[in-house]
>>> print(open('model34.pdb').read())   # PDB, C-alpha atoms and all ligand atoms
ATOM      1  CA  MET A 169       0.000   0.000   0.000
ATOM      2  CA  THR A 170       1.267   3.456  -0.849
ATOM      3  CA  SER A 171       1.155   5.938   2.008
ATOM      4  CA  LEU A 172       0.562   9.641   1.502
ATOM      5  CA  HIS A 173       4.238  10.229   2.202
ATOM      6  CA  GLU A 174       5.548   7.927  -0.511
ATOM      7  CA  THR A 175       6.000   8.933  -4.110
ATOM      8  CA  PRO A 176       4.464   6.309  -6.414
ATOM      9  CA  ALA A 177       7.093   4.250  -8.260
ATOM     10  CA  PRO A 178       7.624   5.490 -11.816
ATOM     11  CA  ALA A 179       6.846   3.125 -14.691
ATOM     12  CA  CYS A 180       9.641   1.499 -16.686
ATOM     13  CA  ASP A 181      10.163   3.695 -19.731
ATOM     14  CA  ALA A 182      10.824   2.437 -23.252
ATOM     15  CA  ALA A 183      14.410   3.709 -23.303
ATOM     16  CA  ALA A 184      15.281   1.742 -20.157
ATOM     17  CA  LEU A 185      13.705  -1.440 -21.513
ATOM     18  CA  ASP A 186      15.450  -0.999 -24.870
ATOM     19  CA  ALA A 187      18.825  -0.528 -23.150
ATOM     20  CA  LEU A 188      18.372  -3.678 -21.058
ATOM     21  CA  ALA A 189      17.145  -5.767 -24.018
ATOM     22  CA  ALA A 190      19.978  -4.584 -26.277
ATOM     23  CA  PHE A 191      22.608  -5.325 -23.643
ATOM     24  CA  GLY A 192      21.055  -8.770 -23.099
ATOM     25  CA  ARG A 193      21.326  -9.609 -26.802
ATOM     26  CA  PHE A 194      24.932  -8.400 -26.820
ATOM     27  CA  ALA A 195      25.903 -10.489 -23.769
ATOM     28  CA  ALA A 196      23.997 -13.592 -24.923
ATOM     29  CA  ALA A 197      25.643 -13.469 -28.365
ATOM     30  CA  ARG A 198      29.025 -13.678 -26.617
ATOM     31  CA  GLY A 199      28.048 -16.550 -24.320
ATOM     32  CA  TRP A 200      28.390 -14.352 -21.224
ATOM     33  CA  VAL A 201      24.983 -15.157 -19.685
ATOM     34  CA  PRO A 202      24.761 -18.985 -19.844
ATOM     35  CA  ALA A 203      21.829 -20.846 -18.272
ATOM     36  CA  THR A 204      19.878 -17.613 -17.500
ATOM     37  CA  ALA A 205      22.868 -16.239 -15.539
ATOM     38  CA  GLY A 206      23.604 -12.537 -15.245
ATOM     39  CA  ASN A 207      21.512  -9.490 -14.422
ATOM     40  CA  PHE A 208      21.399  -5.915 -15.689
ATOM     41  CA  SER A 209      19.881  -2.665 -14.516
ATOM     42  CA  VAL A 210      19.499   1.000 -15.423
ATOM     43  CA  ARG A 211      18.730   3.941 -13.162
ATOM     44  CA  LEU A 212      15.274   5.437 -13.667
ATOM     45  CA  ASP A 213      15.589   8.375 -11.265
ATOM     46  CA  ALA A 214      17.187   9.306  -7.938
ATOM     47  CA  ALA A 215      15.251   6.600  -6.082
ATOM     48  CA  HIS A 216      14.504   3.801  -8.574
ATOM     49  CA  ALA A 217      16.180   1.421 -11.006
ATOM     50  CA  VAL A 218      14.835  -1.035 -13.586
ATOM     51  CA  VAL A 219      16.315  -4.503 -12.990
ATOM     52  CA  THR A 220      16.011  -7.774 -14.928
ATOM     53  CA  ARG A 221      14.016 -10.494 -13.190
ATOM     54  CA  SER A 222      15.437 -13.837 -12.065
ATOM     55  CA  GLY A 223      15.438 -16.934 -14.278
ATOM     56  CA  ILE A 224      14.684 -15.257 -17.595
ATOM     57  CA  ASP A 225      16.497 -15.720 -20.907
ATOM     58  CA  LYS A 226      18.826 -12.718 -20.822
ATOM     59  CA  GLY A 227      19.120 -12.770 -24.615
ATOM     60  CA  ASN A 228      15.395 -12.112 -25.056
ATOM     61  CA  VAL A 229      14.414  -9.506 -22.452
ATOM     62  CA  GLY A 230      10.870  -8.143 -22.806
ATOM     63  CA  ALA A 231       8.608  -5.855 -20.772
ATOM     64  CA  ASP A 232       7.553  -8.707 -18.455
ATOM     65  CA  ASP A 233      11.175  -9.575 -17.691
ATOM     66  CA  VAL A 234      12.076  -6.376 -15.841
ATOM     67  CA  ALA A 235      10.766  -4.579 -12.768
ATOM     68  CA  VAL A 236      11.070  -1.127 -11.242
ATOM     69  CA  VAL A 237      12.809  -1.476  -7.868
ATOM     70  CA  PRO A 238      13.186   1.236  -5.191
ATOM     71  CA  LEU A 239      16.892   1.778  -4.462
ATOM     72  CA  ALA A 240      16.122   1.666  -0.739
ATOM     73  CA  GLY A 241      13.926  -1.445  -1.093
ATOM     74  CA  PRO A 242      11.815  -3.404  -0.607
ATOM     75  CA  ILE A 243      12.836  -5.712  -3.447
ATOM     76  CA  PRO A 244       9.775  -7.173  -5.248
ATOM     77  CA  ALA A 245       9.277 -10.942  -5.507
ATOM     78  CA  GLY A 246      10.853 -12.712  -8.463
ATOM     79  CA  MET A 247      13.971 -10.587  -8.602
ATOM     80  CA  SER A 248      17.514 -11.923  -8.797
ATOM     81  CA  ALA A 249      19.223 -12.648  -5.489
ATOM     82  CA  GLU A 250      21.915 -10.265  -6.717
ATOM     83  CA  THR A 251      19.601  -7.254  -6.891
ATOM     84  CA  PRO A 252      21.081  -5.806  -3.622
ATOM     85  CA  LEU A 253      24.484  -5.533  -5.353
ATOM     86  CA  HIS A 254      22.929  -3.375  -8.083
ATOM     87  CA  LEU A 255      20.956  -1.177  -5.683
ATOM     88  CA  ALA A 256      24.012  -0.588  -3.495
ATOM     89  CA  ARG A 257      25.959   0.778  -6.496
ATOM     90  CA  TYR A 258      23.209   3.319  -7.310
ATOM     91  CA  ARG A 259      22.883   4.373  -3.675
ATOM     92  CA  ALA A 260      26.654   4.793  -3.276
ATOM     93  CA  ASP A 261      27.266   6.884  -6.386
ATOM     94  CA  ALA A 262      24.732   9.226  -7.988
ATOM     95  CA  ARG A 263      26.759   9.154 -11.218
ATOM     96  CA  VAL A 264      26.049   5.444 -11.783
ATOM     97  CA  GLY A 265      23.378   5.094 -14.471
ATOM     98  CA  ALA A 266      23.692   1.399 -15.387
ATOM     99  CA  VAL A 267      25.064  -1.800 -13.796
ATOM    100  CA  VAL A 268      25.735  -5.030 -15.689
ATOM    101  CA  HIS A 269      26.735  -8.467 -14.425
ATOM    102  CA  VAL A 270      27.764 -11.499 -16.485
ATOM    103  CA  HIS A 271      29.248 -14.953 -15.891
ATOM    104  CA  THR A 272      32.209 -15.161 -18.270
ATOM    105  CA  LEU A 273      34.721 -17.987 -18.320
ATOM    106  CA  ALA A 274      37.778 -15.766 -17.771
ATOM    107  CA  ALA A 275      36.164 -13.862 -14.867
ATOM    108  CA  THR A 276      35.067 -17.103 -13.228
ATOM    109  CA  VAL A 277      38.480 -18.790 -13.543
ATOM    110  CA  LEU A 278      40.756 -15.838 -12.679
ATOM    111  CA  SER A 279      38.650 -14.698  -9.719
ATOM    112  CA  ARG A 280      39.259 -18.146  -8.192
ATOM    113  CA  ALA A 281      42.935 -18.321  -9.163
ATOM    114  CA  ASP A 282      43.780 -14.876  -7.708
ATOM    115  CA  ARG A 283      41.392 -14.938  -4.753
ATOM    116  CA  ALA A 284      44.178 -14.942  -2.145
ATOM    117  CA  ALA A 285      45.678 -11.786  -3.716
ATOM    118  CA  GLY A 286      42.327 -10.003  -3.491
ATOM    119  CA  ALA A 287      42.576  -8.578  -7.024
ATOM    120  CA  VAL A 288      43.361  -9.455 -10.617
ATOM    121  CA  ARG A 289      46.149  -7.133 -11.764
ATOM    122  CA  PHE A 290      46.524  -5.813 -15.313
ATOM    123  CA  ALA A 291      49.525  -3.855 -16.578
ATOM    124  CA  GLY A 292      50.739  -2.776 -19.987
ATOM    125  CA  PHE A 293      47.534  -3.364 -21.947
ATOM    126  CA  GLU A 294      46.239  -0.671 -24.307
ATOM    127  CA  MET A 295      42.706  -1.878 -23.424
ATOM    128  CA  GLN A 296      43.119  -0.466 -19.905
ATOM    129  CA  LYS A 297      42.203   2.864 -21.510
ATOM    130  CA  ALA A 298      38.632   1.580 -21.985
ATOM    131  CA  LEU A 299      38.167   2.285 -18.276
ATOM    132  CA  ALA A 300      37.085   5.797 -17.260
ATOM    133  CA  GLY A 301      39.980   7.833 -15.910
ATOM    134  CA  ILE A 302      42.764   5.628 -17.353
ATOM    135  CA  THR A 303      44.719   7.374 -20.104
ATOM    136  CA  THR A 304      47.727   5.112 -20.591
ATOM    137  CA  HIS A 305      48.686   1.450 -20.860
ATOM    138  CA  ASP A 306      51.528   2.307 -18.485
ATOM    139  CA  ALA A 307      49.510   1.874 -15.292
ATOM    140  CA  VAL A 308      48.546  -0.991 -13.010
ATOM    141  CA  VAL A 309      44.824  -1.681 -12.826
ATOM    142  CA  GLU A 310      43.590  -3.736  -9.897
ATOM    143  CA  LEU A 311      40.221  -5.409 -10.411
ATOM    144  CA  PRO A 312      38.928  -6.185  -6.886
ATOM    145  CA  ILE A 313      37.961  -9.777  -6.035
ATOM    146  CA  PHE A 314      35.359 -10.552  -3.366
ATOM    147  CA  ASP A 315      34.513 -13.947  -1.952
ATOM    148  CA  ASN A 316      31.186 -15.122  -3.270
ATOM    149  CA  ASP A 317      28.352 -15.052  -0.718
ATOM    150  CA  GLN A 318      24.683 -16.058  -0.999
ATOM    151  CA  ASP A 319      23.904 -13.340   1.567
ATOM    152  CA  THR A 320      24.081 -10.623  -1.060
ATOM    153  CA  ALA A 321      22.977  -7.814   1.273
ATOM    154  CA  ALA A 322      26.007  -8.476   3.488
ATOM    155  CA  LEU A 323      28.166  -8.914   0.403
ATOM    156  CA  ALA A 324      26.995  -5.551  -0.954
ATOM    157  CA  GLU A 325      28.172  -3.850   2.243
ATOM    158  CA  ARG A 326      31.651  -5.377   1.935
ATOM    159  CA  VAL A 327      31.807  -4.484  -1.749
ATOM    160  CA  GLU A 328      30.825  -0.844  -1.236
ATOM    161  CA  ALA A 329      33.261  -0.394   1.663
ATOM    162  CA  ARG A 330      36.144  -1.372  -0.611
ATOM    163  CA  LEU A 331      34.882   0.389  -3.737
ATOM    164  CA  ALA A 332      35.065   3.700  -1.884
ATOM    165  CA  THR A 333      38.815   3.620  -2.596
ATOM    166  CA  SER A 334      38.861   1.727  -5.912
ATOM    167  CA  GLY A 335      38.873   3.756  -9.101
ATOM    168  CA  VAL A 336      38.083   0.750 -11.295
ATOM    169  CA  PRO A 337      34.474   0.583 -12.574
ATOM    170  CA  GLY A 338      34.090  -3.120 -11.906
ATOM    171  CA  TYR A 339      34.802  -6.113  -9.660
ATOM    172  CA  VAL A 340      34.671  -9.901  -9.723
ATOM    173  CA  LEU A 341      33.073 -12.389  -7.346
ATOM    174  CA  ALA A 342      35.264 -15.447  -6.842
ATOM    175  CA  GLY A 343      34.128 -18.396  -8.952
ATOM    176  CA  HIS A 344      31.079 -16.425  -9.999
ATOM    177  CA  GLY A 345      31.403 -13.537 -12.444
ATOM    178  CA  LEU A 346      32.041  -9.921 -13.345
ATOM    179  CA  TYR A 347      30.259  -6.659 -12.463
ATOM    180  CA  ALA A 348      30.750  -3.323 -14.212
ATOM    181  CA  TRP A 349      28.931   0.004 -14.286
ATOM    182  CA  GLY A 350      28.970   3.445 -15.853
ATOM    183  CA  ALA A 351      27.111   6.724 -16.219
ATOM    184  CA  THR A 352      25.113   5.243 -19.116
ATOM    185  CA  MET A 353      24.463   1.735 -20.422
ATOM    186  CA  ASN A 354      27.003   2.414 -23.180
ATOM    187  CA  ASP A 355      29.632   3.306 -20.565
ATOM    188  CA  ALA A 356      28.798   0.234 -18.468
ATOM    189  CA  ARG A 357      29.040  -1.969 -21.548
ATOM    190  CA  ARG A 358      32.392  -0.464 -22.583
ATOM    191  CA  HIS A 359      33.765  -1.020 -19.075
ATOM    192  CA  LEU A 360      32.479  -4.594 -19.003
ATOM    193  CA  GLU A 361      33.807  -5.383 -22.456
ATOM    194  CA  GLY A 362      37.190  -3.833 -21.649
ATOM    195  CA  LEU A 363      37.530  -5.677 -18.347
ATOM    196  CA  GLU A 364      36.478  -8.951 -19.946
ATOM    197  CA  PHE A 365      39.061  -8.460 -22.716
ATOM    198  CA  LEU A 366      41.760  -7.833 -20.078
ATOM    199  CA  LEU A 367      40.688 -10.946 -18.162
ATOM    200  CA  ALA A 368      40.695 -13.055 -21.341
ATOM    201  CA  CYS A 369      44.185 -11.806 -22.290
ATOM    202  CA  THR A 370      45.494 -12.528 -18.788
ATOM    203  CA  LEU A 371      44.045 -16.029 -18.788
ATOM    204  CA  GLU A 372      45.556 -16.712 -22.215
ATOM    205  CA  GLU A 373      48.970 -15.379 -21.128
ATOM    206  CA  ARG A 374      48.995 -17.717 -18.149
ATOM    207  CA  ARG A 375      48.105 -20.645 -20.414
ATOM    208  CA  ILE A 376      50.978 -20.025 -22.828
ATOM    209  CA  ALA A 377      53.413 -19.334 -19.964
ATOM    210  CA  ARG A 378      53.070 -22.913 -18.713
TER     211      ARG A 378
HETATM  212 ZN    ZN A 401      25.736 -13.882 -10.961
END
>>> encode(input="model34.pdb", output="structure tokens")
Amino acid sequence: MTSLHETPAPACDAAALDALAAFGRFAAARGWVPATAGNFSVRLDAAHAVVTRSGIDKGNVGADDVAVVPLAGPIPAGMSAETPLHLARYRADARVGAVVHVHTLAATVLSRADRAAGAVRFAGFEMQKALAGITTHDAVVELPIFDNDQDTAALAERVEARLATSGVPGYVLAGHGLYAWGATMNDARRHLEGLEFLLACTLEERRIAR
């Protein structure tokens, strides 16, 4: 029930749905959202985001596959267990306009391999410049790793505490997958694609170094 003091939730607009559907097709075409994995969201306004529902085919997102969620909760039924990780990003940083999460092979493998170090480190790659604020290959980029946790509200608190001092627009959950965000869906996608490319290169380098 809506009280007199609450603003009614806005409806999902066509631009938000289009952005989520287009990103879903992009990620599905690359095999990054296997077995209904992954979740994506876009900010609607200062207090709401549109988030993909749980268990849907992320390559074929339609109007019934997304929901408007208040950033402060409560989270409606049928949403992904990872919704708190999205909402925490929007609450922590007003500049965040989109959050995307995928389960790629390189993110899953390297987040386990480097878990003890707490980060996957990249250095010397031109692709590092895909990340906002990085202007040269000649820098070390540390992609934070967090232990996976089914208590995603608690996990979101740990993530946000560390992100306060991380300039990288993404992180990985060990044995799970990759998160990235940006001011717009295009920025979030560029960050995700860049980080995934860096992860794939690093995995390949370790293979040939054996
Ligand atoms: Zn996931």
>>> residues_near_point(input="model34.pdb", point="(35.0, 3.0, -10.5)", cutoff="9 Å", atoms="only C-alpha atoms", output="count of residues only")
14
>>> resolve_selection(input="model34.pdb", expression="the PyMOL selection byres (((not hetatm)) within 8 of (chain A and resi 401))", output="PyMOL selection string")
chain A and resi 205-207+250+269-271+344-346
>>> residues_near_point(input="model34.pdb", point="(15.8, -9.6, -12.8)", cutoff="12 Å", atoms="only C-alpha atoms", output="ChimeraX atom specification")
/A:188-189,192,204-210,217-226,229-237,243-252,254,268-269
>>> resolve_selection(input="model34.pdb", expression="the PyMOL selection byres (((chain A and resi 239) around 7) and not hetatm)", output="PDB file with C-alpha atoms, in the coordinates of the input")
ATOM      1  CA  ALA A 215      15.251   6.600  -6.082  1.00  0.00           C
ATOM      2  CA  HIS A 216      14.504   3.801  -8.574  1.00  0.00           C
ATOM      3  CA  ALA A 217      16.180   1.421 -11.006  1.00  0.00           C
ATOM      4  CA  VAL A 237      12.809  -1.476  -7.868  1.00  0.00           C
ATOM      5  CA  PRO A 238      13.186   1.236  -5.191  1.00  0.00           C
ATOM      6  CA  ALA A 240      16.122   1.666  -0.739  1.00  0.00           C
ATOM      7  CA  GLY A 241      13.926  -1.445  -1.093  1.00  0.00           C
ATOM      8  CA  LEU A 255      20.956  -1.177  -5.683  1.00  0.00           C
ATOM      9  CA  ARG A 259      22.883   4.373  -3.675  1.00  0.00           C
TER      10      ARG A 259
END
>>> resolve_selection(input="model34.pdb", expression="the PyMOL selection byres (((chain A and resi 353-356) around 7) and not hetatm)", output="ChimeraX atom specification")
/A:187,265-268,348-352,357-360
